[in-house]
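File shown: upload-v5.tsv (TSV, C-alpha atoms and all ligand atoms).
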```
chain	number	residue	atom	x	y	z
A	1338	MET	CA	0.00	0.00	0.00
A	1339	LEU	CA	1.32	3.39	-1.03
A	1340	GLN	CA	1.10	6.11	1.62
A	1341	VAL	CA	-0.22	9.29	0.04
A	1342	SER	CA	-0.51	12.61	1.78
A	1343	ILE	CA	-2.58	15.09	-0.18
A	1344	TYR	CA	-3.11	18.81	0.32
A	1345	ARG	CA	-6.76	19.63	0.93
A	1346	TYR	CA	-8.37	23.03	1.01
A	1347	ASN	CA	-11.89	24.00	0.20
A	1348	PRO	CA	-12.32	27.68	1.08
A	1349	GLU	CA	-16.09	27.21	1.40
A	1350	VAL	CA	-15.84	24.80	4.33
A	1351	ASP	CA	-12.22	24.72	5.57
A	1352	VAL	CA	-10.83	27.40	7.84
A	1353	GLU	CA	-7.34	26.47	6.70
A	1354	PRO	CA	-5.59	23.91	4.48
A	1355	TYR	CA	-4.69	20.49	5.89
A	1356	MET	CA	-2.94	17.32	4.71
A	1357	GLN	CA	-5.10	14.24	4.26
A	1358	ASP	CA	-3.49	10.80	4.51
A	1359	VAL	CA	-4.76	8.00	2.30
A	1360	GLU	CA	-3.52	4.52	1.47
A	1361	ILE	CA	-3.66	3.48	-2.15
A	1362	ASP	CA	-3.32	-0.02	-3.57
A	1363	THR	CA	-1.21	0.34	-6.69
A	1364	GLY	CA	-1.06	-3.41	-7.22
A	1365	GLY	CA	2.72	-3.07	-7.25
A	1366	LYS	CA	2.56	-1.34	-10.62
A	1367	ASP	CA	4.77	1.62	-11.52
A	1368	MET	CA	1.87	3.82	-12.52
A	1369	MET	CA	1.92	7.57	-13.08
A	1370	VAL	CA	1.19	9.93	-10.22
A	1371	LEU	CA	-1.97	11.03	-12.07
A	1372	ASP	CA	-3.23	7.43	-11.99
A	1373	VAL	CA	-2.85	7.49	-8.21
A	1374	MET	CA	-4.77	10.77	-8.09
A	1375	GLU	CA	-7.56	9.17	-10.13
A	1376	LEU	CA	-7.66	6.25	-7.66
A	1377	ILE	CA	-7.92	8.73	-4.78
A	1378	LYS	CA	-10.71	10.58	-6.56
A	1379	ALA	CA	-12.56	7.32	-7.20
A	1380	GLU	CA	-12.78	6.90	-3.43
A	1381	ASP	CA	-13.34	10.52	-2.49
A	1382	ASP	CA	-14.76	12.63	-5.27
A	1383	THR	CA	-14.37	15.88	-3.33
A	1384	VAL	CA	-10.64	15.83	-4.23
A	1385	VAL	CA	-10.04	18.43	-6.94
A	1386	TYR	CA	-7.23	18.76	-9.46
A	1387	ARG	CA	-6.81	19.76	-13.09
A	1388	ARG	CA	-6.00	17.37	-15.86
A	1389	SER	CA	-6.90	16.93	-19.47
A	1390	CYS	CA	-4.66	15.12	-21.94
A	1391	ARG	CA	-3.03	12.72	-19.42
A	1392	GLU	CA	0.02	12.45	-21.69
A	1393	GLY	CA	2.18	15.48	-21.04
A	1394	VAL	CA	0.79	17.69	-23.78
A	1395	CYS	CA	-1.74	20.10	-22.29
A	1396	GLY	CA	0.19	21.25	-19.23
A	1397	SER	CA	-2.80	21.32	-16.89
A	1398	ASP	CA	-1.70	18.89	-14.18
A	1399	GLY	CA	1.40	20.58	-12.86
A	1400	VAL	CA	1.65	19.64	-9.15
A	1401	ASN	CA	4.27	19.43	-6.46
A	1402	MET	CA	5.21	15.79	-5.82
A	1403	ASN	CA	7.43	15.08	-2.80
A	1404	GLY	CA	8.72	18.64	-3.08
A	1405	THR	CA	9.38	18.66	-6.81
A	1406	ASN	CA	7.16	20.27	-9.43
A	1407	GLY	CA	6.17	18.23	-12.45
A	1408	LEU	CA	3.32	16.91	-14.55
A	1409	ALA	CA	1.51	14.18	-12.63
A	1410	CYS	CA	0.56	12.37	-15.84
A	1411	VAL	CA	4.12	11.75	-17.00
A	1412	THR	CA	5.81	11.27	-13.63
A	1413	PRO	CA	6.07	7.58	-12.72
A	1414	LEU	CA	5.83	6.58	-9.08
A	1415	SER	CA	9.36	5.15	-9.31
A	1416	LYS	CA	10.58	8.71	-9.88
A	1417	ALA	CA	8.38	10.57	-7.39
A	1418	VAL	CA	7.93	8.21	-4.43
A	1419	ARG	CA	10.44	8.09	-1.62
A	1420	LYS	CA	10.23	5.52	1.18
A	1421	ASN	CA	6.80	4.40	-0.03
A	1422	LYS	CA	5.46	7.92	0.61
A	1423	LEU	CA	4.00	10.42	-1.84
A	1424	VAL	CA	3.23	13.97	-0.76
A	1425	LEU	CA	1.03	15.89	-3.19
A	1426	ARG	CA	0.75	19.65	-2.95
A	1427	PRO	CA	-0.38	22.41	-5.31
A	1428	LEU	CA	2.29	24.30	-7.26
A	1429	PRO	CA	3.98	26.60	-4.74
A	1430	GLY	CA	3.75	30.38	-4.77
A	1431	LEU	CA	0.36	30.82	-6.41
A	1432	PRO	CA	-2.95	31.30	-4.58
A	1433	VAL	CA	-4.82	28.03	-4.05
A	1434	ILE	CA	-8.36	27.90	-5.41
A	1435	ARG	CA	-9.12	24.46	-4.06
A	1436	ASP	CA	-7.02	21.36	-3.21
A	1437	LEU	CA	-4.41	21.00	-5.99
A	1438	VAL	CA	-5.88	23.72	-8.19
A	1439	VAL	CA	-4.02	27.04	-8.19
A	1440	ASP	CA	-4.98	30.43	-9.56
A	1441	MET	CA	-2.70	30.96	-12.57
A	1442	SER	CA	-3.68	34.61	-13.21
A	1443	LEU	CA	-0.31	36.02	-12.10
A	1444	PHE	CA	1.48	33.49	-14.28
A	1445	TYR	CA	-0.60	34.34	-17.35
A	1446	ALA	CA	-0.28	38.07	-16.70
A	1447	GLN	CA	3.50	37.71	-16.98
A	1448	TYR	CA	3.11	35.67	-20.16
A	1449	GLU	CA	0.88	38.36	-21.63
A	1450	LYS	CA	3.49	41.03	-20.83
A	1451	VAL	CA	6.01	39.57	-23.27
A	1452	GLN	CA	3.49	39.91	-26.12
A	1453	PRO	CA	3.86	36.28	-27.21
A	1454	TYR	CA	2.93	36.67	-30.86
A	1455	LEU	CA	4.84	37.51	-34.01
A	1456	GLN	CA	5.12	41.22	-34.75
A	1457	ASN	CA	6.12	42.39	-38.17
A	1458	HIS	CA	4.74	45.50	-39.82
A	1459	THR	CA	6.54	45.20	-43.13
A	1460	PRO	CA	4.24	44.34	-46.05
A	1461	ALA	CA	3.40	40.65	-45.99
A	1462	PRO	CA	4.81	38.60	-48.86
A	1463	ALA	CA	2.41	36.84	-51.23
A	1464	ILE	CA	2.63	33.42	-49.56
A	1465	GLU	CA	4.54	33.38	-46.29
A	1466	ARG	CA	7.53	34.79	-44.48
A	1467	LEU	CA	10.29	32.31	-45.12
A	1468	GLN	CA	13.10	31.22	-42.82
A	1469	THR	CA	16.20	29.21	-43.60
A	1470	PRO	CA	16.49	25.89	-41.75
A	1471	GLU	CA	19.23	27.51	-39.61
A	1472	GLU	CA	16.97	30.40	-38.66
A	1473	ARG	CA	14.17	28.01	-37.83
A	1474	GLU	CA	16.52	25.93	-35.71
A	1475	LYS	CA	16.95	28.86	-33.32
A	1476	LEU	CA	13.38	28.31	-32.14
A	1477	ASP	CA	14.01	24.73	-31.08
A	1478	GLY	CA	13.97	24.38	-27.32
A	1479	LEU	CA	11.77	27.48	-27.08
A	1480	TYR	CA	8.51	26.86	-28.91
A	1481	GLU	CA	7.83	23.51	-27.17
A	1482	CYS	CA	6.77	25.12	-23.88
A	1483	ILE	CA	3.27	24.03	-22.79
A	1484	LEU	CA	2.88	26.72	-20.10
A	1485	CYS	CA	2.48	24.22	-17.28
A	1486	ALA	CA	4.04	26.72	-14.81
A	1487	CYS	CA	6.20	24.04	-13.18
A	1488	CYS	CA	9.27	26.21	-13.74
A	1489	SER	CA	7.99	29.62	-12.62
A	1490	THR	CA	6.46	28.16	-9.46
A	1491	ALA	CA	9.79	26.49	-8.63
A	1492	CYS	CA	11.61	29.81	-8.91
A	1493	PRO	CA	12.23	31.71	-5.64
A	1494	SER	CA	12.48	35.00	-7.51
A	1495	PHE	CA	9.00	34.39	-8.91
A	1496	TRP	CA	7.65	33.51	-5.43
A	1497	TRP	CA	8.82	36.85	-4.03
A	1498	ASN	CA	7.90	39.07	-6.99
A	1499	PRO	CA	5.33	37.28	-9.16
A	1500	ASP	CA	3.88	40.62	-10.20
A	1501	ARG	CA	7.16	42.12	-11.39
A	1502	PHE	CA	9.56	39.31	-12.34
A	1503	ILE	CA	8.40	37.70	-15.59
A	1504	GLY	CA	9.62	34.29	-14.51
A	1505	PRO	CA	11.28	31.51	-16.47
A	1506	ALA	CA	8.22	30.48	-18.54
A	1507	GLY	CA	7.45	34.03	-19.69
A	1508	LEU	CA	11.11	34.78	-20.37
A	1509	LEU	CA	11.55	31.62	-22.42
A	1510	GLN	CA	8.70	32.88	-24.61
A	1511	ALA	CA	10.12	36.40	-24.63
A	1512	TYR	CA	13.29	34.94	-26.10
A	1513	ARG	CA	11.32	32.76	-28.49
A	1514	PHE	CA	10.13	35.96	-30.22
A	1515	LEU	CA	13.43	37.80	-29.83
A	1516	ALA	CA	15.14	34.91	-31.59
A	1517	ASP	CA	12.60	34.73	-34.40
A	1518	THR	CA	14.06	36.27	-37.57
A	1519	ARG	CA	10.54	37.10	-38.81
A	1520	ASP	CA	9.81	39.31	-35.81
A	1521	THR	CA	10.80	42.96	-36.23
A	1522	ALA	CA	9.86	44.28	-32.77
A	1523	THR	CA	13.15	43.20	-31.17
A	1524	ASP	CA	14.10	46.66	-29.93
A	1525	GLU	CA	10.70	47.42	-28.40
A	1526	ARG	CA	10.67	43.99	-26.79
A	1527	LEU	CA	14.09	44.53	-25.25
A	1528	GLY	CA	13.11	48.03	-24.12
A	1529	ARG	CA	10.28	46.58	-22.05
A	1530	LEU	CA	12.63	44.11	-20.32
A	1531	ASP	CA	15.31	46.49	-19.12
A	1532	ASP	CA	13.93	47.31	-15.65
A	1533	PRO	CA	15.50	45.80	-12.50
A	1534	PHE	CA	12.77	43.16	-12.12
A	1535	SER	CA	11.48	41.68	-15.40
A	1536	VAL	CA	14.66	39.81	-16.36
A	1537	PHE	CA	17.29	40.74	-13.80
A	1538	ARG	CA	15.61	39.07	-10.82
A	1539	CYS	CA	16.89	35.82	-12.27
A	1540	HIS	CA	19.90	34.73	-10.24
A	1541	GLY	CA	20.68	31.73	-12.39
A	1542	ILE	CA	20.11	28.98	-9.84
A	1543	GLN	CA	18.39	26.84	-12.49
A	1544	ALA	CA	15.55	25.55	-10.32
A	1545	CYS	CA	13.45	26.06	-13.47
A	1546	VAL	CA	15.67	23.89	-15.67
A	1547	ASN	CA	15.52	21.09	-13.10
A	1548	VAL	CA	11.76	20.72	-13.22
A	1549	CYS	CA	10.75	21.43	-16.82
A	1550	PRO	CA	8.87	18.32	-18.00
A	1551	LYS	CA	9.71	19.24	-21.60
A	1552	GLY	CA	13.44	19.40	-20.89
A	1553	LEU	CA	13.64	23.08	-21.80
A	1554	ASN	CA	16.24	25.47	-20.46
A	1555	PRO	CA	14.82	28.87	-19.43
A	1556	THR	CA	18.09	29.88	-17.74
A	1557	ARG	CA	19.94	29.70	-21.03
A	1558	ALA	CA	17.24	31.76	-22.75
A	1559	ILE	CA	17.46	34.35	-19.97
A	1560	GLY	CA	21.22	34.49	-20.52
A	1561	HIS	CA	20.62	35.20	-24.21
A	1562	ILE	CA	18.18	37.99	-23.36
A	1563	ARG	CA	20.72	39.53	-20.99
A	1564	ASN	CA	23.37	39.43	-23.71
A	1565	MET	CA	20.97	41.03	-26.18
A	1566	LEU	CA	20.24	43.80	-23.66
A	1567	LEU	CA	23.97	44.25	-23.14
A	1568	SER	CA	24.81	44.55	-26.83
A	1569	ARG	CA	21.83	46.84	-27.37
A	1570	ALA	CA	23.18	49.19	-24.69
A	1571	THR	CA	26.79	49.20	-25.85
B	922	MET	CA	4.00	48.19	-4.05
B	923	VAL	CA	7.62	47.51	-4.90
B	924	THR	CA	8.96	50.00	-7.42
B	925	SER	CA	12.35	50.63	-8.95
B	926	VAL	CA	12.78	54.24	-7.86
B	927	THR	CA	15.22	53.29	-5.12
B	928	SER	CA	17.31	50.99	-7.31
B	929	PHE	CA	20.82	52.10	-8.18
B	930	GLY	CA	20.48	52.90	-11.84
B	931	ARG	CA	16.76	52.23	-12.41
B	932	SER	CA	17.76	49.94	-15.25
B	933	GLY	CA	18.25	46.27	-14.57
B	934	LEU	CA	21.10	46.09	-17.02
B	935	TYR	CA	22.85	49.05	-15.40
B	936	ASP	CA	22.54	47.54	-11.91
B	937	TRP	CA	23.72	44.20	-13.22
B	938	PHE	CA	26.72	45.82	-14.87
B	939	VAL	CA	27.60	47.85	-11.76
B	940	GLN	CA	27.43	44.67	-9.71
B	941	ARG	CA	29.89	42.87	-12.01
B	942	ALA	CA	32.27	45.78	-12.55
B	943	SER	CA	32.45	46.62	-8.83
B	944	ALA	CA	33.11	42.95	-8.08
B	945	VAL	CA	36.09	42.97	-10.44
B	946	ILE	CA	37.48	46.16	-8.89
B	947	LEU	CA	37.06	44.80	-5.35
B	948	LEU	CA	38.70	41.51	-6.25
B	949	THR	CA	41.67	43.30	-7.84
B	950	TYR	CA	42.01	45.61	-4.84
B	951	PHE	CA	41.94	42.87	-2.23
B	952	LEU	CA	44.27	40.64	-4.25
B	953	PHE	CA	46.68	43.56	-4.44
B	954	LEU	CA	46.41	44.24	-0.69
B	955	GLY	CA	46.84	40.56	0.06
B	956	TRP	CA	49.88	40.33	-2.17
B	957	THR	CA	51.40	43.43	-0.54
B	958	LEU	CA	50.89	41.95	2.93
B	959	VAL	CA	52.15	38.50	2.02
B	960	SER	CA	55.29	39.81	0.34
B	961	GLY	CA	56.23	41.44	3.67
B	962	VAL	CA	55.61	45.06	4.48
B	963	ASP	CA	56.51	47.13	7.53
B	964	TYR	CA	54.69	50.14	8.93
B	965	SER	CA	56.67	52.79	7.09
B	966	ALA	CA	56.36	51.02	3.71
B	967	TRP	CA	52.63	50.55	4.31
B	968	LYS	CA	52.28	54.24	5.19
B	969	ALA	CA	54.33	55.29	2.19
B	970	LEU	CA	52.16	53.16	-0.05
B	971	PHE	CA	49.01	54.92	1.13
B	972	GLN	CA	50.61	58.31	0.65
B	973	GLN	CA	50.89	57.75	-3.08
B	974	THR	CA	48.10	59.44	-4.99
B	975	TRP	CA	47.44	56.40	-7.19
B	976	MET	CA	46.97	54.21	-4.12
B	977	ARG	CA	44.54	56.68	-2.63
B	978	VAL	CA	42.59	56.83	-5.89
B	979	PHE	CA	42.64	53.03	-6.11
B	980	SER	CA	41.44	52.73	-2.51
B	981	LEU	CA	38.70	55.29	-3.06
B	982	LEU	CA	37.62	53.44	-6.20
B	983	ALA	CA	37.44	50.22	-4.18
B	984	LEU	CA	35.46	51.97	-1.44
B	985	ILE	CA	32.96	53.41	-3.94
B	986	SER	CA	32.70	49.98	-5.57
B	987	LEU	CA	32.02	48.43	-2.18
B	988	CYS	CA	29.19	50.90	-1.54
B	989	ALA	CA	27.67	50.42	-5.01
B	990	HIS	CA	28.02	46.64	-4.78
B	991	ALA	CA	26.44	46.58	-1.34
B	992	TRP	CA	23.61	48.87	-2.43
B	993	VAL	CA	22.64	46.80	-5.47
B	994	GLY	CA	22.88	43.57	-3.46
B	995	LEU	CA	20.96	44.79	-0.42
B	996	TRP	CA	18.34	46.48	-2.59
B	997	THR	CA	17.69	43.15	-4.26
B	998	VAL	CA	17.37	41.38	-0.92
B	999	PHE	CA	15.11	44.07	0.52
B	1000	THR	CA	12.80	44.09	-2.51
B	1001	ASP	CA	12.57	40.30	-2.31
B	1002	TYR	CA	11.75	39.91	1.36
B	1003	LEU	CA	10.66	43.25	2.82
B	1004	THR	CA	7.56	43.71	0.71
B	1005	GLN	CA	3.87	44.28	1.17
B	1006	ARG	CA	3.23	40.96	-0.58
B	1007	LEU	CA	5.17	39.07	2.07
B	1008	LEU	CA	4.68	41.14	5.20
B	1009	GLY	CA	1.45	43.03	4.63
B	1010	ALA	CA	1.12	46.75	5.17
B	1011	PRO	CA	4.33	47.17	7.27
B	1012	GLY	CA	6.38	45.74	4.38
B	1013	SER	CA	6.94	48.98	2.52
B	1014	VAL	CA	7.72	50.93	5.68
B	1015	LEU	CA	10.23	48.30	6.76
B	1016	ARG	CA	11.83	48.22	3.33
B	1017	LEU	CA	12.19	51.98	3.06
B	1018	SER	CA	13.64	52.12	6.59
B	1019	ALA	CA	16.10	49.35	5.80
B	1020	GLU	CA	17.11	51.17	2.62
B	1021	ALA	CA	17.52	54.47	4.45
B	1022	ILE	CA	19.63	52.90	7.21
B	1023	SER	CA	21.85	51.11	4.67
B	1024	ALA	CA	22.27	54.28	2.64
B	1025	LEU	CA	23.23	56.21	5.76
B	1026	ILE	CA	25.76	53.60	6.82
B	1027	MET	CA	27.33	53.48	3.36
B	1028	PHE	CA	27.48	57.26	3.09
B	1029	THR	CA	29.12	57.48	6.50
B	1030	TYR	CA	31.72	54.86	5.62
B	1031	LEU	CA	32.44	56.59	2.32
B	1032	ILE	CA	33.06	60.02	3.85
B	1033	TRP	CA	34.96	58.49	6.77
B	1034	GLY	CA	37.06	56.48	4.32
B	1035	ILE	CA	37.92	59.58	2.30
B	1036	GLN	CA	38.93	61.31	5.52
B	1037	ILE	CA	41.22	58.43	6.49
B	1038	LEU	CA	42.77	58.13	3.03
B	1039	TRP	CA	43.66	61.81	2.80
B	1040	SER	CA	44.46	62.34	6.46
B	1041	SER	CA	48.24	62.18	6.29
C	1	LIG	S1	17.50	30.33	-13.15
C	1	LIG	FE1	16.41	32.26	-12.97
C	1	LIG	S2	14.38	31.86	-13.72
C	1	LIG	FE2	15.32	29.85	-13.34
C	1	LIG	S3	14.68	29.33	-11.24
C	1	LIG	FE3	16.61	30.41	-11.09
C	1	LIG	S4	16.10	32.58	-10.77
C	1	LIG	FE4	14.27	31.52	-11.54
C	2	LIG	S1	9.36	26.05	-19.69
C	2	LIG	FE1	8.89	23.92	-19.21
C	2	LIG	S2	8.26	24.00	-17.03
C	2	LIG	FE2	8.16	26.05	-17.81
C	2	LIG	S3	6.04	26.35	-18.41
C	2	LIG	FE3	7.20	25.71	-20.26
C	2	LIG	S4	7.01	23.51	-20.32
C	2	LIG	FE4	6.38	24.13	-18.26
C	3	LIG	S1	-2.84	16.03	-18.14
C	3	LIG	FE1	-2.13	17.16	-19.87
C	3	LIG	S2	-0.05	17.46	-19.33
C	3	LIG	FE2	-0.70	16.13	-17.76
```
Would you mind writing the file out in structure tokens?
Amino acid sequence: MLQVSIYRYNPEVDVEPYMQDVEIDTGGKDMMVLDVMELIKAEDDTVVYRRSCREGVCGSDGVNMNGTNGLACVTPLSKAVRKNKLVLRPLPGLPVIRDLVVDMSLFYAQYEKVQPYLQNHTPAPAIERLQTPEEREKLDGLYECILCACCSTACPSFWWNPDRFIGPAGLLQAYRFLADTRDTATDERLGRLDDPFSVFRCHGIQACVNVCPKGLNPTRAIGHIRNMLLSRAT
Amino acid sequence: MVTSVTSFGRSGLYDWFVQRASAVILLTYFLFLGWTLVSGVDYSAWKALFQQTWMRVFSLLALISLCAHAWVGLWTVFTDYLTQRLLGAPGSVLRLSAEAISALIMFTYLIWGIQILWSS
């Protein structure tokens, strides 16, 4: 029997959050953490969490498992469980709506700030704006982000200033458009990032890189942005 | 709310650059001092060294770097932890007080340092 401790909070009835202990029979199988959550829900349907694709594509089931953020649907028990114990908590740093569901508004607000869409005001060519394979390659490792928020909610700088520091997820997307040869708003984009918080609250400790379920590297992207700011200023 | 008005240069890049440049100056200065001490120096040589204008300028540069470095570093710490978000209403008051006290201490050390450097 797997010992699971799950964070419970329903603001309509609970005065404060508490941890609920449950025992789950996994049948000795190395299932995914999401499967365990489904088993818990089958027994107690008041447990609330988000999930949709259950295969690491939609990014809705980011949770904190034994202290590490990740997608429950693609994290096997063999990776998450320690000493037969699994502690499930909501992603840290964001307001909890109920149980494992967090309010992502702050996270999305930061994403919105980087204007995550292609900007180019030159006349559009007849068919499409072309890129060479090399130019296209620059977007690899950037465009794959599914906005699960595992990284930003693992970042201490984002915990302390979620309203002013864009955070690893937003900055990865900021760089995705800075690196795109079809985008012509580079200077305006950089101009909006030059304050002491948006980019420069990153202290490079790579907590974000550690948890990204897509294996992306926001720290490297942030380094590129910093270099672009530096060469723009000199 | 946490704003950038009390930051050193009001630009993140500028603060970041000041932090790096001052670190290099401080490292050079202390390596030089360490080397001087290790290679054996008596009181009169030490005094003579600090009577040279270049050494005084170098020391002053290191002192200014120390203040700038400390300001950027402490400002970052204060705006992380002494905030309304973390501490409620007293956050901003605490942060501004901490900033004021640090600024006063640094200013005092700077003037005092100049006095010492040019005192003999
Ligand atoms: S490297 Fe930067 S963005 Fe990533 S967790 Fe650390 S401070 Fe946050
Ligand atoms: S960078 Fe990775 S961890 Fe961060 S939001 Fe995108 S997919 Fe999730
Ligand atoms: S449920 Fe879609 S990523 Fe896990």
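CA of Val1536 (chain A) sits 16.2 Å away from CA of Ala1491 (chain A).
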>> Using only C-alpha atoms, can you tell me which of A:Ala1522, A:Val1350, A:Val1400, A:Val1384 comes closest to Asn1457 (chain A)?
In response: A:Ala1522
Write out as a short mmCIF file (atom, residue, chain, number, x, y, z; two decimals) with C-alpha atoms, in the coordinates of the input which residues come within 12 Å of Gly1407 (chain A) when counting all atoms listed in the file, dropping same-chain ones fewer than 2 positions away.
```cif
data_model
loop_
_atom_site.label_atom_id
_atom_site.label_comp_id
_atom_site.auth_asym_id
_atom_site.auth_seq_id
_atom_site.Cartn_x
_atom_site.Cartn_y
_atom_site.Cartn_z
CA MET A 1369 1.92 7.57 -13.08
CA VAL A 1370 1.19 9.93 -10.22
CA LEU A 1371 -1.97 11.03 -12.07
CA GLY A 1393 2.18 15.48 -21.04
CA GLY A 1396 0.19 21.25 -19.23
CA SER A 1397 -2.80 21.32 -16.89
CA ASP A 1398 -1.70 18.89 -14.18
CA GLY A 1399 1.40 20.58 -12.86
CA VAL A 1400 1.65 19.64 -9.15
CA ASN A 1401 4.27 19.43 -6.46
CA MET A 1402 5.21 15.79 -5.82
CA ASN A 1403 7.43 15.08 -2.80
CA GLY A 1404 8.72 18.64 -3.08
CA THR A 1405 9.38 18.66 -6.81
CA ALA A 1409 1.51 14.18 -12.63
CA CYS A 1410 0.56 12.37 -15.84
CA VAL A 1411 4.12 11.75 -17.00
CA THR A 1412 5.81 11.27 -13.63
CA PRO A 1413 6.07 7.58 -12.72
CA LYS A 1416 10.58 8.71 -9.88
CA ALA A 1417 8.38 10.57 -7.39
CA LEU A 1425 1.03 15.89 -3.19
CA ARG A 1426 0.75 19.65 -2.95
CA PRO A 1427 -0.38 22.41 -5.31
CA LEU A 1428 2.29 24.30 -7.26
CA PRO A 1429 3.98 26.60 -4.74
CA LEU A 1484 2.88 26.72 -20.10
CA CYS A 1485 2.48 24.22 -17.28
CA ALA A 1486 4.04 26.72 -14.81
CA CYS A 1487 6.20 24.04 -13.18
CA CYS A 1488 9.27 26.21 -13.74
CA SER A 1489 7.99 29.62 -12.62
CA THR A 1490 6.46 28.16 -9.46
CA ALA A 1491 9.79 26.49 -8.63
CA CYS A 1545 13.45 26.06 -13.47
CA VAL A 1546 15.67 23.89 -15.67
CA ASN A 1547 15.52 21.09 -13.10
CA VAL A 1548 11.76 20.72 -13.22
CA CYS A 1549 10.75 21.43 -16.82
CA PRO A 1550 8.87 18.32 -18.00
CA LYS A 1551 9.71 19.24 -21.60
CA GLY A 1552 13.44 19.40 -20.89
#
```
>> What does the list of residues within 9 Å of ligand LIG 1 (chain C) look like if you count all atoms listed in the file, written as a ChimeraX atom specification?
In response: /A:1488-1495,1502-1506,1508,1536-1547,1554-1557,1559
Convert the current residue selection to file output with C-alpha atoms, as a compact mmCIF listing (two decimals), keeping the file's coordinate frame.
```txt
# COMPACT_ATOMS: atom_id res chain seq x y z
CA CYS A 1488 9.27 26.21 -13.74
CA SER A 1489 7.99 29.62 -12.62
CA THR A 1490 6.46 28.16 -9.46
CA ALA A 1491 9.79 26.49 -8.63
CA CYS A 1492 11.61 29.81 -8.91
CA PRO A 1493 12.23 31.71 -5.64
CA SER A 1494 12.48 35.00 -7.51
CA PHE A 1495 9.00 34.39 -8.91
CA PHE A 1502 9.56 39.31 -12.34
CA ILE A 1503 8.40 37.70 -15.59
CA GLY A 1504 9.62 34.29 -14.51
CA PRO A 1505 11.28 31.51 -16.47
CA ALA A 1506 8.22 30.48 -18.54
CA LEU A 1508 11.11 34.78 -20.37
CA VAL A 1536 14.66 39.81 -16.36
CA PHE A 1537 17.29 40.74 -13.80
CA ARG A 1538 15.61 39.07 -10.82
CA CYS A 1539 16.89 35.82 -12.27
CA HIS A 1540 19.90 34.73 -10.24
CA GLY A 1541 20.68 31.73 -12.39
CA ILE A 1542 20.11 28.98 -9.84
CA GLN A 1543 18.39 26.84 -12.49
CA ALA A 1544 15.55 25.55 -10.32
CA CYS A 1545 13.45 26.06 -13.47
CA VAL A 1546 15.67 23.89 -15.67
CA ASN A 1547 15.52 21.09 -13.10
CA ASN A 1554 16.24 25.47 -20.46
CA PRO A 1555 14.82 28.87 -19.43
CA THR A 1556 18.09 29.88 -17.74
CA ARG A 1557 19.94 29.70 -21.03
CA ILE A 1559 17.46 34.35 -19.97
```
>> Report, in Å with one decimal, the straight-line distance from CA of Leu981 (chain B) to CA of Ile1035 (chain B).
In response: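 Between CA of Leu981 (chain B) and CA of Ile1035 (chain B) the gap is 6.9 Å.
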>> I'd like the contact shell of Tyr950 (chain B) - 10 Å cut-off, all atoms listed in the file, skipping same-chain residues fewer than 6 positions apart - returned as a list in words.
In response: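 Contacts, in chain order: Ala944, Trp956, Met976, Phe979, Ser980, Leu982, Ala983 and Leu984 of chain B.
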Take the residues from that selection and put them in a file with C-alpha atoms, as an mmCIF file, in the coordinates of the input.
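The result, written out as selection-v4.cif:
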```cif
data_model
loop_
_atom_site.group_PDB
_atom_site.id
_atom_site.type_symbol
_atom_site.label_atom_id
_atom_site.label_comp_id
_atom_site.auth_asym_id
_atom_site.auth_seq_id
_atom_site.Cartn_x
_atom_site.Cartn_y
_atom_site.Cartn_z
ATOM 1 C CA ALA B 944 33.110 42.950 -8.080
ATOM 2 C CA TRP B 956 49.880 40.330 -2.170
ATOM 3 C CA MET B 976 46.970 54.210 -4.120
ATOM 4 C CA PHE B 979 42.640 53.030 -6.110
ATOM 5 C CA SER B 980 41.440 52.730 -2.510
ATOM 6 C CA LEU B 982 37.620 53.440 -6.200
ATOM 7 C CA ALA B 983 37.440 50.220 -4.180
ATOM 8 C CA LEU B 984 35.460 51.970 -1.440
#
```
Please report as CSV every residue of chain A lying within 10 Å of chain B, along with the nearest atom pair and their distance in Å (one decimal), using all atoms listed in the file.
```
residue,atom,partner,partner_atom,distance
A:Pro1493,CA,B:Asp1001,CA,9.2
A:Ser1494,CA,B:Asp1001,CA,7.4
A:Phe1495,CA,B:Asp1001,CA,9.6
A:Trp1496,CA,B:Asp1001,CA,8.9
A:Trp1497,CA,B:Asp1001,CA,5.4
A:Asn1498,CA,B:Asp1001,CA,6.7
A:Pro1499,CA,B:Arg1006,CA,9.6
A:Asp1500,CA,B:Val923,CA,9.5
A:Arg1501,CA,B:Val923,CA,8.4
A:Leu1530,CA,B:Gly933,CA,8.3
A:Asp1531,CA,B:Gly933,CA,5.4
A:Asp1532,CA,B:Gly933,CA,4.6
A:Pro1533,CA,B:Gly933,CA,3.5
A:Phe1534,CA,B:Gly933,CA,6.8
A:Ser1535,CA,B:Gly933,CA,8.2
A:Val1536,CA,B:Gly933,CA,7.6
A:Phe1537,CA,B:Gly933,CA,5.7
A:Arg1538,CA,B:Thr997,CA,8.0
A:Arg1563,CA,B:Leu934,CA,7.7
A:Asn1564,CA,B:Leu934,CA,9.7
A:Leu1566,CA,B:Leu934,CA,7.1
A:Leu1567,CA,B:Leu934,CA,7.0
A:Ala1570,CA,B:Leu934,CA,8.5
```
With 8 Å on each side, where is the centre of the axis-aligned box around all listed atoms of region 1343-1358 of chain A, and how long are its edges in Å to one decimal, as AutoDock Vina command-line options?
```
--center_x -9.3 --center_y 19.2 --center_z 3.8 --size_x 29.5 --size_y 32.9 --size_z 24.0
```
> Which of these, A:Ile1464, A:Met1565, A:Ala1558, A:Ile1483, has the shortest distance to Thr1523 (chain A) once you count all atoms listed in the file?
Replying inline: A:Met1565
> Any idea what's packed within 12 Å of Trp1039 (chain B), counting all atoms listed in the file, ignoring anything in its chain fewer than 5 positions away? Could you give it as a list in words?
Replying inline: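 My list of contacting residues is Lys968, Phe971, Gln972, Gln973, Thr974, Trp975, Met976, Arg977, Val978, Ser980, Leu981, Ile1032, Trp1033 and Gly1034 of chain B.
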